[in-house]
Number of protein chains: 4
Amino acid sequence: MDQTTKQAVTQRLASTAGHVKGIARMVDEDTYCIDVIKQIHAVQAALNKVSTLILDNHLHTCVTSAIQGDDVAEREAILKEITSVFEVSGKL
Amino acid sequence: MDQTTKQAVTQRLASTAGHVKGIARMVDEDTYCIDVIKQIHAVQAALNKVSTLILDNHLHTCVTSAIQGDDVAEREAILKEITSVFEVSGKL
Amino acid sequence: MDQTTKQAVTQRLASTAGHVKGIARMVDEDTYCIDVIKQIHAVQAALNKVSTLILDNHLHTCVTSAIQGDDVAEREAILKEITSVFEVSGKL
Amino acid sequence: MDQTTKQAVTQRLASTAGHVKGIARMVDEDTYCIDVIKQIHAVQAALNKVSTLILDNHLHTCVTSAIQGDDVAEREAILKEITSVFEVSGKL
C-alpha cells in the first residue's frame, strides 16, 4: 500500500476497533437490541469503505504492474483474486 | 438481552475488536492487500452472526411481549423496527 | 399475504422479470460490462425491497397470530424462520 | 464480452427472468411468505454469480487493454469503475 492509503486504512481500522469495543459496552449496559444492531451495521458499512480503499490502492499498484508485466500466469492469478474478492463481497 | 446471549455477544464483540486491531497491524506490516480484504470479510461475517444472535433474542423477548401486549402502537413500532433492520441488513 | 401486499409484490416481481430480460438484451447488444453490472445491482436492490414488503406483511399476519397463539412449538418455529431469513439476507 | 461469456450470461439471465416470473406466480397462489423470500434470495445469489462472470470477463478484456495502453486518463477511469462496482456490491 502507498503511505497515504496505509495511514488512512490503519486509522480507520483503529477507530473501528474502538467502535466495536464501544458496542460491547453498550450490550453490557443493556442498550436496546435494535440500537445495538444499528451500530453493528454502521461498523460493517465502515469496513466496506476500508475494503474499497484497499482495493483501489491494490488496483493502482499490484494489479497495474502485473498486467503491464510479462508473466501471464501472475496476471491471471491477480485478476482471479479480484473476481474472487468481488464475489465474496456480494455475499456479506 | 438474557444473560446467556449477553455473554455470548460481548465475548464475540471483544474478540472481533481484537481481530480488527490485528488487521490494522497486518496493514502496518505490509500484508498483501487481498489477504487484508479477506480478513475484513471475516470480520463482517462474524458481525452478521452477532446481529443474528441479538435479533433472535430480541424476537423472543421484546417482540414477543409487545405482540402479546395490548398496546397496538407499540406492537406496530416494534414490527416496523424488525422490517427496517432487515432492509438495512440487505444493503450491507 | 393481504390483498394490497400481494398486488404490490406481484407487480414488482413482474416488472423485475421484465428488467432482467432487458438486461439479457443489453448483453446481447454488447452493452458495456460495467453498465450491465449496474443494472444487475438495480435488480438486486428492487428484490431487497420486495423481500422487505413480504417480511413486513408476514410479521403482521402469521408471526403475530403465532405469537398470540398457544402453540409454543409453532411460535418457536416462526421466530426461528425470521432469524434464519435475516441471517441469509446479510450474506447476499 | 467474449462469445462464451456472452452466451453464459444471457442464458443465466433468461433463466433468472423465468425464476422471477415463477416467484410472482407463487405469490399469486398464496405460497408461504418465508418460502417466497427464500426464492428471492436464490435469485439474488444467481445474479451475484452473473455479475462475477461479467466482471471476470471485463478484467480480462477492457481493463487489461486499458492498463496496457498509453492513455492514463482512460486507465484511471476504468480502475475507478471497478472500485465503484465493488463498493456498491458490498451494499446489496
# chains A, B, ... in the order shown; residues from 1 in each chain; ligands from 1
>>> select_by_dssp(residues="chain C", states="alpha helix (DSSP H)", output="VMD selection string")
chain C and resid 3 to 28 33 to 58 64 to 68 72 to 89
>>> write_last_selection(atoms="C-alpha atoms", output="mmCIF file, in the first residue's frame")
data_model
loop_
_atom_site.group_PDB
_atom_site.id
_atom_site.type_symbol
_atom_site.label_atom_id
_atom_site.label_comp_id
_atom_site.auth_asym_id
_atom_site.auth_seq_id
_atom_site.Cartn_x
_atom_site.Cartn_y
_atom_site.Cartn_z
ATOM 1 C CA GLN C 3 -54.527 -8.323 -0.944
ATOM 2 C CA THR C 4 -52.674 -4.996 -1.141
ATOM 3 C CA THR C 5 -49.287 -6.562 -0.428
ATOM 4 C CA LYS C 6 -49.967 -9.412 -2.827
ATOM 5 C CA GLN C 7 -50.757 -6.994 -5.619
ATOM 6 C CA ALA C 8 -47.773 -4.768 -4.876
ATOM 7 C CA VAL C 9 -45.454 -7.772 -4.722
ATOM 8 C CA THR C 10 -46.660 -9.465 -7.915
ATOM 9 C CA GLN C 11 -46.492 -6.167 -9.822
ATOM 10 C CA ARG C 12 -42.955 -5.507 -8.624
ATOM 11 C CA LEU C 13 -41.888 -9.054 -9.463
ATOM 12 C CA ALA C 14 -43.405 -8.852 -12.946
ATOM 13 C CA SER C 15 -41.577 -5.603 -13.527
ATOM 14 C CA THR C 16 -38.347 -7.130 -12.181
ATOM 15 C CA ALA C 17 -38.665 -10.107 -14.528
ATOM 16 C CA GLY C 18 -39.000 -7.609 -17.396
ATOM 17 C CA HIS C 19 -35.950 -5.734 -16.143
ATOM 18 C CA VAL C 20 -33.886 -8.941 -16.097
ATOM 19 C CA LYS C 21 -34.985 -9.797 -19.653
ATOM 20 C CA GLY C 22 -33.985 -6.281 -20.681
ATOM 21 C CA ILE C 23 -30.535 -6.856 -19.191
ATOM 22 C CA ALA C 24 -30.192 -10.053 -21.227
ATOM 23 C CA ARG C 25 -30.938 -7.975 -24.343
ATOM 24 C CA MET C 26 -28.371 -5.359 -23.273
ATOM 25 C CA VAL C 27 -25.764 -8.128 -23.067
ATOM 26 C CA ASP C 28 -26.804 -9.431 -26.445
ATOM 27 C CA CYS C 33 -19.951 -4.567 -18.958
ATOM 28 C CA ILE C 34 -19.999 -2.061 -16.108
ATOM 29 C CA ASP C 35 -23.388 -0.732 -17.235
ATOM 30 C CA VAL C 36 -24.739 -4.274 -17.233
ATOM 31 C CA ILE C 37 -23.434 -4.862 -13.703
ATOM 32 C CA LYS C 38 -25.090 -1.629 -12.559
ATOM 33 C CA GLN C 39 -28.419 -2.826 -13.930
ATOM 34 C CA ILE C 40 -27.982 -6.133 -12.099
ATOM 35 C CA HIS C 41 -27.350 -4.170 -8.906
ATOM 36 C CA ALA C 42 -30.565 -2.253 -9.517
ATOM 37 C CA VAL C 43 -32.478 -5.530 -9.818
ATOM 38 C CA GLN C 44 -30.965 -6.800 -6.585
ATOM 39 C CA ALA C 45 -31.959 -3.615 -4.788
ATOM 40 C CA ALA C 46 -35.503 -3.962 -6.155
ATOM 41 C CA LEU C 47 -35.637 -7.555 -4.895
ATOM 42 C CA ASN C 48 -34.488 -6.409 -1.439
ATOM 43 C CA LYS C 49 -37.447 -4.069 -1.415
ATOM 44 C CA VAL C 50 -39.812 -6.893 -2.377
ATOM 45 C CA SER C 51 -38.457 -9.160 0.384
ATOM 46 C CA THR C 52 -38.917 -6.351 2.874
ATOM 47 C CA LEU C 53 -42.546 -5.861 1.822
ATOM 48 C CA ILE C 54 -43.219 -9.575 2.194
ATOM 49 C CA LEU C 55 -41.497 -9.786 5.561
ATOM 50 C CA ASP C 56 -43.434 -6.781 6.811
ATOM 51 C CA ASN C 57 -46.706 -8.434 5.868
ATOM 52 C CA HIS C 58 -45.595 -11.767 7.340
ATOM 53 C CA THR C 64 -48.465 -12.008 15.134
ATOM 54 C CA SER C 65 -51.003 -14.865 15.148
ATOM 55 C CA ALA C 66 -48.418 -17.431 16.167
ATOM 56 C CA ILE C 67 -47.086 -15.288 18.999
ATOM 57 C CA GLN C 68 -50.580 -14.566 20.258
ATOM 58 C CA VAL C 72 -45.241 -22.853 21.848
ATOM 59 C CA ALA C 73 -43.572 -25.038 19.220
ATOM 60 C CA GLU C 74 -45.199 -23.118 16.383
ATOM 61 C CA ARG C 75 -44.166 -19.805 17.926
ATOM 62 C CA GLU C 76 -40.600 -21.042 18.265
ATOM 63 C CA ALA C 77 -40.595 -22.273 14.658
ATOM 64 C CA ILE C 78 -41.876 -18.999 13.257
ATOM 65 C CA LEU C 79 -39.320 -16.914 15.162
ATOM 66 C CA LYS C 80 -36.543 -19.219 14.002
ATOM 67 C CA GLU C 81 -37.592 -18.617 10.391
ATOM 68 C CA ILE C 82 -37.290 -14.849 10.852
ATOM 69 C CA THR C 83 -33.813 -15.204 12.305
ATOM 70 C CA SER C 84 -32.765 -17.530 9.520
ATOM 71 C CA VAL C 85 -34.078 -15.229 6.782
ATOM 72 C CA PHE C 86 -32.294 -12.302 8.434
ATOM 73 C CA GLU C 87 -29.041 -14.242 8.571
ATOM 74 C CA VAL C 88 -29.195 -15.226 4.906
ATOM 75 C CA SER C 89 -30.103 -11.695 3.832
#
>>> atom_distance(atom1="atom CA of C:Asp70", atom2="atom CA of B:Asp71")
19.5 Å
>>> atom_distance(atom1="atom CA of B:His60", atom2="atom CA of B:Lys91")
24.8 Å
>>> atom_distance(atom1="atom CA of A:Tyr32", atom2="atom CA of B:Gly90")
21.2 Å
>>> decode(residues="stretch 7-44 of chain D", atoms="C-alpha atoms", output="tab-separated table (two decimals), in the first residue's frame")
chain	number	residue	atom	x	y	z
D	7	GLN	CA	-23.79	-16.88	-24.05
D	8	ALA	CA	-23.40	-18.00	-20.44
D	9	VAL	CA	-24.61	-14.62	-19.18
D	10	THR	CA	-27.65	-14.34	-21.46
D	11	GLN	CA	-28.69	-17.91	-20.65
D	12	ARG	CA	-28.39	-17.31	-16.93
D	13	LEU	CA	-30.32	-14.05	-17.20
D	14	ALA	CA	-33.09	-15.68	-19.23
D	15	SER	CA	-33.35	-18.41	-16.63
D	16	THR	CA	-33.35	-15.81	-13.84
D	17	ALA	CA	-36.17	-13.87	-15.52
D	18	GLY	CA	-38.15	-17.13	-15.63
D	19	HIS	CA	-37.38	-17.74	-11.97
D	20	VAL	CA	-38.67	-14.27	-11.02
D	21	LYS	CA	-41.87	-14.84	-13.00
D	22	GLY	CA	-42.27	-18.16	-11.19
D	23	ILE	CA	-41.97	-16.34	-7.87
D	24	ALA	CA	-44.74	-13.95	-8.93
D	25	ARG	CA	-46.92	-16.99	-9.62
D	26	MET	CA	-46.02	-18.46	-6.20
D	27	VAL	CA	-47.20	-15.22	-4.59
D	28	ASP	CA	-50.38	-15.31	-6.61
D	29	GLU	CA	-51.03	-18.86	-5.41
D	30	ASP	CA	-50.51	-17.82	-1.77
D	31	THR	CA	-47.24	-19.64	-1.16
D	32	TYR	CA	-45.95	-19.21	2.39
D	33	CYS	CA	-44.12	-15.86	2.75
D	34	ILE	CA	-40.87	-17.30	4.02
D	35	ASP	CA	-40.64	-19.69	1.06
D	36	VAL	CA	-41.13	-16.74	-1.28
D	37	ILE	CA	-38.35	-14.80	0.45
D	38	LYS	CA	-36.04	-17.83	0.13
D	39	GLN	CA	-36.69	-17.95	-3.61
D	40	ILE	CA	-35.91	-14.23	-3.86
D	41	HIS	CA	-32.63	-14.90	-2.04
D	42	ALA	CA	-31.86	-17.63	-4.56
D	43	VAL	CA	-32.39	-15.16	-7.42
D	44	GLN	CA	-30.12	-12.63	-5.75
